[in-house]
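entry-v6.pdb follows (PDB, C-alpha atoms):
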```pdb
ATOM      1  CA  MET A   1       8.708  55.860  46.773
ATOM      2  CA  ILE A   2       7.220  54.727  43.479
ATOM      3  CA  ILE A   3       4.203  56.743  42.304
ATOM      4  CA  SER A   4       1.553  54.466  40.817
ATOM      5  CA  VAL A   5      -0.437  55.981  37.951
ATOM      6  CA  VAL A   6      -3.562  55.075  36.004
ATOM      7  CA  ILE A   7      -4.004  56.694  32.579
ATOM      8  CA  VAL A   8      -7.582  57.316  31.416
ATOM      9  CA  ASP A   9      -8.007  58.487  27.819
ATOM     10  CA  ASP A  10     -10.170  57.342  24.909
ATOM     11  CA  GLN A  11      -7.262  57.505  22.450
ATOM     12  CA  ALA A  12      -5.011  54.455  22.499
ATOM     13  CA  MET A  13      -2.064  56.348  21.025
ATOM     14  CA  VAL A  14      -2.289  58.988  23.733
ATOM     15  CA  ARG A  15      -2.332  56.309  26.440
ATOM     16  CA  ALA A  16       0.642  54.566  24.867
ATOM     17  CA  GLY A  17       2.637  57.778  24.546
ATOM     18  CA  PHE A  18       1.982  58.918  28.080
ATOM     19  CA  GLY A  19       2.609  55.422  29.386
ATOM     20  CA  ALA A  20       6.010  55.158  27.702
ATOM     21  CA  LEU A  21       7.033  58.571  29.000
ATOM     22  CA  LEU A  22       5.966  57.901  32.581
ATOM     23  CA  ASP A  23       7.301  54.337  32.765
ATOM     24  CA  ALA A  24      10.711  55.681  31.758
ATOM     25  CA  GLN A  25      10.858  57.628  35.030
ATOM     26  CA  PRO A  26      12.584  55.902  37.967
ATOM     27  CA  ASP A  27       9.921  56.978  40.476
ATOM     28  CA  ILE A  28       6.737  56.484  38.403
ATOM     29  CA  GLU A  29       4.936  53.299  37.357
ATOM     30  CA  VAL A  30       1.866  53.094  35.125
ATOM     31  CA  VAL A  31      -0.169  50.295  36.679
ATOM     32  CA  GLU A  32      -3.163  50.303  34.321
ATOM     33  CA  GLU A  33      -5.041  52.144  31.588
ATOM     34  CA  ALA A  34      -8.710  52.843  30.833
ATOM     35  CA  ALA A  35     -10.496  54.116  27.725
ATOM     36  CA  ASN A  36     -13.387  55.894  29.442
ATOM     37  CA  GLY A  37     -14.776  56.878  32.824
ATOM     38  CA  LEU A  38     -16.680  53.654  33.375
ATOM     39  CA  GLU A  39     -13.548  51.596  32.841
ATOM     40  CA  ALA A  40     -11.677  53.989  35.102
ATOM     41  CA  LEU A  41     -13.929  53.196  38.076
ATOM     42  CA  ASN A  42     -13.108  49.497  37.839
ATOM     43  CA  VAL A  43      -9.420  50.087  37.190
ATOM     44  CA  VAL A  44      -9.023  52.502  40.114
ATOM     45  CA  ALA A  45     -10.832  50.086  42.413
ATOM     46  CA  ALA A  46      -8.548  47.254  41.330
ATOM     47  CA  THR A  47      -5.210  49.079  41.384
ATOM     48  CA  ASN A  48      -5.621  51.762  44.077
ATOM     49  CA  PRO A  49      -3.207  54.203  42.357
ATOM     50  CA  ASP A  50      -1.609  57.322  43.764
ATOM     51  CA  VAL A  51      -2.502  59.444  40.731
ATOM     52  CA  VAL A  52      -5.133  59.158  37.999
ATOM     53  CA  LEU A  53      -4.333  60.981  34.776
ATOM     54  CA  MET A  54      -7.887  61.655  33.567
ATOM     55  CA  ASP A  55      -9.006  62.914  30.167
ATOM     56  CA  VAL A  56     -11.945  65.332  30.343
ATOM     57  CA  ARG A  57     -13.958  64.384  27.269
ATOM     58  CA  MET A  58     -14.603  60.676  26.725
ATOM     59  CA  PRO A  59     -17.527  58.466  25.620
ATOM     60  CA  LEU A  60     -19.825  56.520  27.985
ATOM     61  CA  MET A  61     -18.671  58.458  31.053
ATOM     62  CA  ASP A  62     -16.602  61.630  30.837
ATOM     63  CA  GLY A  63     -13.746  62.567  33.119
ATOM     64  CA  LEU A  64     -15.869  64.847  35.262
ATOM     65  CA  GLU A  65     -18.412  62.162  36.131
ATOM     66  CA  ALA A  66     -15.630  59.688  36.807
ATOM     67  CA  THR A  67     -13.819  62.165  39.032
ATOM     68  CA  ARG A  68     -16.943  62.752  41.083
ATOM     69  CA  ALA A  69     -17.535  59.025  41.422
ATOM     70  CA  ILE A  70     -13.974  58.304  42.491
ATOM     71  CA  LEU A  71     -13.495  61.206  44.895
ATOM     72  CA  ARG A  72     -16.981  61.915  46.181
ATOM     73  CA  ASN A  73     -18.888  58.677  46.008
ATOM     74  CA  PRO A  74     -16.522  55.848  46.959
ATOM     75  CA  ALA A  75     -19.516  53.565  47.572
ATOM     76  CA  GLN A  76     -20.098  53.562  43.803
ATOM     77  CA  LEU A  77     -16.753  51.883  43.246
ATOM     78  CA  PRO A  78     -16.874  48.088  42.884
ATOM     79  CA  ASP A  79     -15.056  47.310  46.137
ATOM     80  CA  GLU A  80     -16.552  50.257  48.086
ATOM     81  CA  THR A  81     -13.073  51.289  49.185
ATOM     82  CA  ASP A  82     -12.438  54.856  50.355
ATOM     83  CA  ARG A  83     -10.409  56.570  47.624
ATOM     84  CA  CYS A  84      -9.764  59.855  49.414
ATOM     85  CA  HIS A  85      -6.002  59.528  48.921
ATOM     86  CA  VAL A  86      -6.215  59.245  45.131
ATOM     87  CA  ARG A  87      -5.125  62.390  43.289
ATOM     88  CA  LEU A  88      -6.828  63.303  40.015
ATOM     89  CA  LEU A  89      -4.918  65.201  37.345
ATOM     90  CA  MET A  90      -7.213  66.270  34.515
ATOM     91  CA  LEU A  91      -6.114  66.383  30.878
ATOM     92  CA  THR A  92      -7.791  68.692  28.378
ATOM     93  CA  THR A  93      -7.257  69.966  24.848
ATOM     94  CA  PHE A  94      -8.880  73.288  25.671
ATOM     95  CA  ASP A  95      -7.531  76.005  27.953
ATOM     96  CA  LEU A  96     -11.021  77.331  28.745
ATOM     97  CA  ASP A  97     -13.165  74.296  29.391
ATOM     98  CA  ASP A  98     -16.156  74.481  31.740
ATOM     99  CA  TYR A  99     -15.517  70.855  32.634
ATOM    100  CA  VAL A 100     -12.152  71.772  34.129
ATOM    101  CA  TYR A 101     -13.596  74.158  36.680
ATOM    102  CA  ASP A 102     -16.241  71.613  37.643
ATOM    103  CA  ALA A 103     -13.548  68.954  37.957
ATOM    104  CA  LEU A 104     -11.564  71.120  40.365
ATOM    105  CA  ARG A 105     -14.696  71.673  42.429
ATOM    106  CA  ALA A 106     -15.305  67.925  42.386
ATOM    107  CA  GLY A 107     -11.897  67.374  43.950
ATOM    108  CA  ALA A 108      -9.362  67.133  41.138
ATOM    109  CA  SER A 109      -5.914  68.402  42.083
ATOM    110  CA  GLY A 110      -5.361  70.328  38.877
ATOM    111  CA  PHE A 111      -5.248  70.077  35.128
ATOM    112  CA  LEU A 112      -2.788  70.008  32.280
ATOM    113  CA  LEU A 113      -3.130  70.746  28.584
ATOM    114  CA  LYS A 114      -2.432  67.793  26.301
ATOM    115  CA  ASP A 115       0.103  69.818  24.346
ATOM    116  CA  ALA A 116       2.222  70.430  27.447
ATOM    117  CA  ARG A 117       5.892  69.498  27.284
ATOM    118  CA  PRO A 118       6.795  65.950  28.386
ATOM    119  CA  ASN A 119       8.724  67.247  31.387
ATOM    120  CA  ASP A 120       5.660  69.225  32.461
ATOM    121  CA  LEU A 121       3.586  66.037  32.556
ATOM    122  CA  VAL A 122       6.204  64.220  34.611
ATOM    123  CA  ASP A 123       6.493  67.144  37.018
ATOM    124  CA  ALA A 124       2.695  67.354  37.266
ATOM    125  CA  ILE A 125       2.444  63.725  38.355
ATOM    126  CA  ARG A 126       5.016  64.315  41.089
ATOM    127  CA  ILE A 127       3.355  67.542  42.226
ATOM    128  CA  VAL A 128      -0.116  66.100  42.707
ATOM    129  CA  ALA A 129       1.238  62.867  44.189
ATOM    130  CA  ALA A 130       2.890  64.988  46.886
ATOM    131  CA  GLY A 131      -0.495  66.476  47.742
ATOM    132  CA  ASP A 132       0.064  69.841  46.079
ATOM    133  CA  ALA A 133      -2.120  71.485  43.467
ATOM    134  CA  LEU A 134      -1.143  71.926  39.847
ATOM    135  CA  LEU A 135      -2.244  75.495  39.219
ATOM    136  CA  ALA A 136      -0.620  76.801  36.064
ATOM    137  CA  PRO A 137      -0.635  80.597  36.514
ATOM    138  CA  SER A 138      -1.378  81.410  32.857
ATOM    139  CA  ILE A 139      -4.350  79.066  32.562
ATOM    140  CA  THR A 140      -5.732  77.504  35.707
ATOM    141  CA  ARG A 141      -5.919  80.585  37.926
ATOM    142  CA  ARG A 142      -7.539  82.544  35.082
ATOM    143  CA  LEU A 143     -10.087  79.778  34.541
ATOM    144  CA  ILE A 144     -10.932  79.473  38.235
ATOM    145  CA  ALA A 145     -11.268  83.220  38.641
ATOM    146  CA  ASP A 146     -13.427  83.537  35.533
ATOM    147  CA  PHE A 147     -15.934  80.843  36.427
ATOM    148  CA  ALA A 148     -15.976  81.592  40.142
ATOM    149  CA  SER A 149     -16.778  85.250  39.444
ATOM    150  CA  ARG A 150     -19.745  84.233  37.287
ATOM    151  CA  ARG A 151     -21.242  81.597  39.579
ATOM    152  CA  SER A 152     -23.248  82.192  42.712
ATOM    153  CA  THR A 153     -22.631  79.930  45.685
ATOM    154  CA  VAL A 154     -23.973  79.777  49.203
ATOM    155  CA  VAL A 155     -21.400  81.406  51.449
ATOM    156  CA  SER A 156     -20.737  79.325  54.532
ATOM    157  CA  SER A 157     -19.795  82.195  56.857
ATOM    158  CA  ALA A 158     -19.284  79.873  59.822
ATOM    159  CA  ARG A 159     -16.542  78.008  57.944
ATOM    160  CA  VAL A 160     -14.846  81.231  56.903
ATOM    161  CA  GLU A 161     -15.076  82.738  60.382
ATOM    162  CA  ALA A 162     -13.442  79.626  61.827
ATOM    163  CA  LEU A 163     -10.171  80.676  60.195
ATOM    164  CA  THR A 164      -7.697  82.790  62.119
ATOM    165  CA  ASP A 165      -6.327  86.016  60.619
ATOM    166  CA  ARG A 166      -3.109  84.243  59.728
ATOM    167  CA  GLU A 167      -4.995  81.381  58.096
ATOM    168  CA  HIS A 168      -6.905  83.938  56.037
ATOM    169  CA  ASP A 169      -3.573  85.368  54.914
ATOM    170  CA  VAL A 170      -2.235  81.954  53.940
ATOM    171  CA  LEU A 171      -5.425  81.046  52.058
ATOM    172  CA  ARG A 172      -5.302  84.278  50.073
ATOM    173  CA  GLN A 173      -1.683  83.614  49.186
ATOM    174  CA  MET A 174      -2.555  80.113  48.019
ATOM    175  CA  ALA A 175      -5.287  81.609  45.831
ATOM    176  CA  ARG A 176      -2.640  83.811  44.217
ATOM    177  CA  GLY A 177      -0.833  80.628  43.173
ATOM    178  CA  LEU A 178       2.075  80.892  45.613
ATOM    179  CA  SER A 179       3.900  77.803  46.862
ATOM    180  CA  ASN A 180       4.436  77.118  50.562
ATOM    181  CA  ALA A 181       8.005  78.402  50.289
ATOM    182  CA  GLU A 182       6.856  81.608  48.592
ATOM    183  CA  ILE A 183       4.132  82.140  51.189
ATOM    184  CA  ALA A 184       6.665  81.648  53.971
ATOM    185  CA  ALA A 185       8.979  84.237  52.427
ATOM    186  CA  ASP A 186       6.135  86.702  51.902
ATOM    187  CA  LEU A 187       4.819  86.346  55.454
ATOM    188  CA  VAL A 188       8.329  86.086  56.957
ATOM    189  CA  VAL A 189       7.678  82.781  58.714
ATOM    190  CA  ALA A 190       9.154  79.279  58.489
ATOM    191  CA  GLU A 191       7.916  77.029  55.679
ATOM    192  CA  GLN A 192       6.913  74.407  58.246
ATOM    193  CA  THR A 193       4.708  77.029  59.900
ATOM    194  CA  VAL A 194       2.962  77.607  56.583
ATOM    195  CA  LYS A 195       2.454  73.855  56.152
ATOM    196  CA  THR A 196       0.842  73.729  59.591
ATOM    197  CA  HIS A 197      -1.498  76.588  58.673
ATOM    198  CA  VAL A 198      -2.371  74.906  55.379
ATOM    199  CA  SER A 199      -3.209  71.652  57.150
ATOM    200  CA  ARG A 200      -5.468  73.482  59.596
ATOM    201  CA  ILE A 201      -7.170  75.352  56.759
ATOM    202  CA  PHE A 202      -7.949  72.086  54.994
ATOM    203  CA  GLY A 203      -9.332  70.613  58.209
ATOM    204  CA  LYS A 204     -11.530  73.598  59.077
ATOM    205  CA  LEU A 205     -12.901  74.004  55.566
ATOM    206  CA  GLY A 206     -13.226  70.314  54.757
ATOM    207  CA  LEU A 207     -10.969  70.565  51.697
ATOM    208  CA  ARG A 208      -8.704  67.969  50.097
ATOM    209  CA  ASP A 209      -5.880  70.085  48.727
ATOM    210  CA  GLN A 210      -4.717  73.452  47.440
ATOM    211  CA  ALA A 211      -6.806  73.275  44.267
ATOM    212  CA  GLN A 212     -10.036  73.136  46.246
ATOM    213  CA  ALA A 213      -8.711  75.832  48.584
ATOM    214  CA  VAL A 214      -8.182  78.189  45.643
ATOM    215  CA  VAL A 215     -11.694  77.571  44.314
ATOM    216  CA  PHE A 216     -13.111  78.084  47.809
ATOM    217  CA  ALA A 217     -11.243  81.378  48.239
ATOM    218  CA  TYR A 218     -12.630  82.777  44.987
ATOM    219  CA  GLU A 219     -16.156  81.545  45.625
ATOM    220  CA  GLN A 220     -16.271  82.977  49.128
ATOM    221  CA  GLY A 221     -14.974  86.338  47.995
ATOM    222  CA  LEU A 222     -11.752  86.096  49.991
ATOM    223  CA  VAL A 223      -9.992  87.032  46.778
ATOM    224  CA  VAL A 224     -11.588  88.724  43.794
ATOM    225  CA  ALA A 225     -10.481  88.260  40.214
ATOM    226  CA  GLY A 226      -8.912  91.422  38.853
ATOM    227  CA  ARG A 227      -8.523  93.052  42.249
ATOM    228  CA  ASP A 228      -6.075  90.886  44.163
ATOM    229  CA  PRO A 229      -2.440  90.888  43.111
TER     230      PRO A 229
END
```

Would you write out, as structure tokens, the structure that this file holds?
Amino acid sequence: MIISVVIVDDQAMVRAGFGALLDAQPDIEVVEEAANGLEALNVVAATNPDVVLMDVRMPLMDGLEATRAILRNPAQLPDETDRCHVRLLMLTTFDLDDYVYDALRAGASGFLLKDARPNDLVDAIRIVAAGDALLAPSITRRLIADFASRRSTVVSSARVEALTDREHDVLRQMARGLSNAEIAADLVVAEQTVKTHVSRIFGKLGLRDQAQAVVFAYEQGLVVAGRDP
């Protein structure tokens, strides 16, 4: 399957560099580019990509606003098409950027620093296209834990209580940054069993992917920064 990608960045050289790298991959195709969030809305509506590579800081409309519009308010898009399948991968120059946390809460599947290695970018596209979260242990989990510990949210106890004990276990493991295979090994169950639990967790909590599940776990106090392994 070919993964269709839209690149959104206000620097033409960055778009060109990323585009050349991604188009050189046999399973990835860059279908369009945009220079800001406003352009991104029109481009995403026209191309219906699998993944949007979205810069955080841009003029006219930043990546956060664009992410919210694409993932949360499909009616704002020109053709009013539901974009729930689109995966957003955020790009940032800063490893501690308040925008990044907000983007994950808005529904982005993860983020990547612009100085990441080329192979990391290619792998990131494939990871989020597959429906997984890109949660770099050294940066993303620290950022989520930091901001979640400092922000107050309304705890939806009914949603939490809807989870079974095993689903609680799986959610906590996801929040630690473990993959499905690692969770399966830790809980001594089949990987397919973990995938089933993950799917049920998403359904019960109304989440899109693992990135939102991690944020939810921290915000609800299911894991606590500095206390959980």

Please compute the atom CA of A:Pro59-atom CA of A:Asn42 distance, one decimal, in Å.
15.8 Å

As an exercise, work out the distance from atom CA of A:Val160 to atom CA of A:Thr196 in Å and give it to one decimal place.
17.6 Å

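In this comparison, which uses all atoms listed in the file, the residue of A:Leu53, A:Ala69, A:Val8, A:Met58 approaching A:Met90 most closely is A:Leu53.
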
Every residue with an atom at most 12 Å from (-1.4, 80.9, 55.9) (file coordinates; all atoms listed in the file) is what I'm after, so could you write them as number ranges by chain?
A: 163-175, 178-202, 210, 213

With all atoms listed in the file as the counted atoms, please give the residues lying no more than 8 Å from A:Leu104, apart from itself and same-chain residues fewer than 6 positions off, as a ChimeraX atom specification.
/A:110,211-212,215

Which of these, A:Ser109, A:Asn48, A:Asn36, A:Thr92, has the shortest distance to A:Asp62 once you count only C-alpha atoms?
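Distance minimum relative to A:Asp62 lands on A:Asn36.
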
Adding 3 Å on each side of the box along x, y and z that holds all listed atoms of stretch 198-213 of chain A, could you give its centre and edge lengths in Å to one decimal, as AutoDock Vina command-line options?
```
--center_x -7.8 --center_y 71.9 --center_z 51.9 --size_x 16.9 --size_y 13.9 --size_z 21.3
```

Quick one: residues within 12 Å of A:Gly17, only C-alpha atoms counted, chain neighbours fewer than 3 positions away excluded, as an NGL selection string?
:A and (7 or 9 or 11-14 or 20-24 or 30 or 33 or 114 or 118 or 121)

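Note that atom CA of A:Arg87 and atom CA of A:Met1 are 15.7 Å apart.
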
Given the file shown, enumerate the residues that the PyMOL selection byres ((chain A and resi 6) around 9) captures and present them as a list in words.
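On the file shown, the PyMOL selection byres ((chain A and resi 6) around 9) covers Ser4, Val5, Ile7, Val8, Glu29, Val30, Val31, Glu32, Glu33, Ala34, Ala40, Val43, Val44, Thr47, Asn48, Pro49, Asp50, Val51, Val52, Leu53 and Met54 of chain A.
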
Can those selected residues be exported to a file as a PDB file, in the coordinates of the input so that it contains C-alpha atoms?
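Result file follows (result10.pdb):
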```pdb
ATOM      1  CA  SER A   4       1.553  54.466  40.817  1.00  0.00           C
ATOM      2  CA  VAL A   5      -0.437  55.981  37.951  1.00  0.00           C
ATOM      3  CA  ILE A   7      -4.004  56.694  32.579  1.00  0.00           C
ATOM      4  CA  VAL A   8      -7.582  57.316  31.416  1.00  0.00           C
ATOM      5  CA  GLU A  29       4.936  53.299  37.357  1.00  0.00           C
ATOM      6  CA  VAL A  30       1.866  53.094  35.125  1.00  0.00           C
ATOM      7  CA  VAL A  31      -0.169  50.295  36.679  1.00  0.00           C
ATOM      8  CA  GLU A  32      -3.163  50.303  34.321  1.00  0.00           C
ATOM      9  CA  GLU A  33      -5.041  52.144  31.588  1.00  0.00           C
ATOM     10  CA  ALA A  34      -8.710  52.843  30.833  1.00  0.00           C
ATOM     11  CA  ALA A  40     -11.677  53.989  35.102  1.00  0.00           C
ATOM     12  CA  VAL A  43      -9.420  50.087  37.190  1.00  0.00           C
ATOM     13  CA  VAL A  44      -9.023  52.502  40.114  1.00  0.00           C
ATOM     14  CA  THR A  47      -5.210  49.079  41.384  1.00  0.00           C
ATOM     15  CA  ASN A  48      -5.621  51.762  44.077  1.00  0.00           C
ATOM     16  CA  PRO A  49      -3.207  54.203  42.357  1.00  0.00           C
ATOM     17  CA  ASP A  50      -1.609  57.322  43.764  1.00  0.00           C
ATOM     18  CA  VAL A  51      -2.502  59.444  40.731  1.00  0.00           C
ATOM     19  CA  VAL A  52      -5.133  59.158  37.999  1.00  0.00           C
ATOM     20  CA  LEU A  53      -4.333  60.981  34.776  1.00  0.00           C
ATOM     21  CA  MET A  54      -7.887  61.655  33.567  1.00  0.00           C
TER      22      MET A  54
END
```

Quick one: residues within 8 Å of A:Gly107, only C-alpha atoms, excluding same-chain residues fewer than 4 positions away - as a list in words?
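The residues satisfying every condition are Thr67, Arg68, Leu71, Arg72, Leu88, Ala103, Arg208, Ala211 and Gln212 of chain A.
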
Neighbours of A:Leu60 within 10 Å (all atoms listed in the file; same-chain residues fewer than 6 positions away dropped), as JSON, numbers by chain?
{"A": [35, 36, 37, 38, 39]}

Measuring atom to atom with all atoms listed in the file, identify which of A:Leu222, A:Thr93, A:Ile28, A:Ile70 is nearest to A:Ile125.
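Looking at the shortest contact to A:Ile125, the residue is A:Ile28.
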
Please determine, counting only C-alpha atoms, which residue among A:His85, A:Phe18, A:Gly206, A:Asp10 has the shortest atom-to-atom distance to A:Arg57.
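Going through A:His85, A:Phe18, A:Gly206, A:Asp10 one by one, the smallest distance to A:Arg57 is for A:Asp10.
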
Residue with smallest distance to A:Val56 - pool A:Asp120, A:Leu113, A:Gly19, A:Pro26, counting all atoms listed in the file
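When distances to A:Val56 are compared using all atoms listed in the file, the smallest one comes from A:Leu113.
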
Using only C-alpha atoms, can you tell me which of A:Gly221, A:Leu91, A:Asp27, A:Gly63 comes closest to A:Val122?
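Nearest to A:Val122: A:Asp27.
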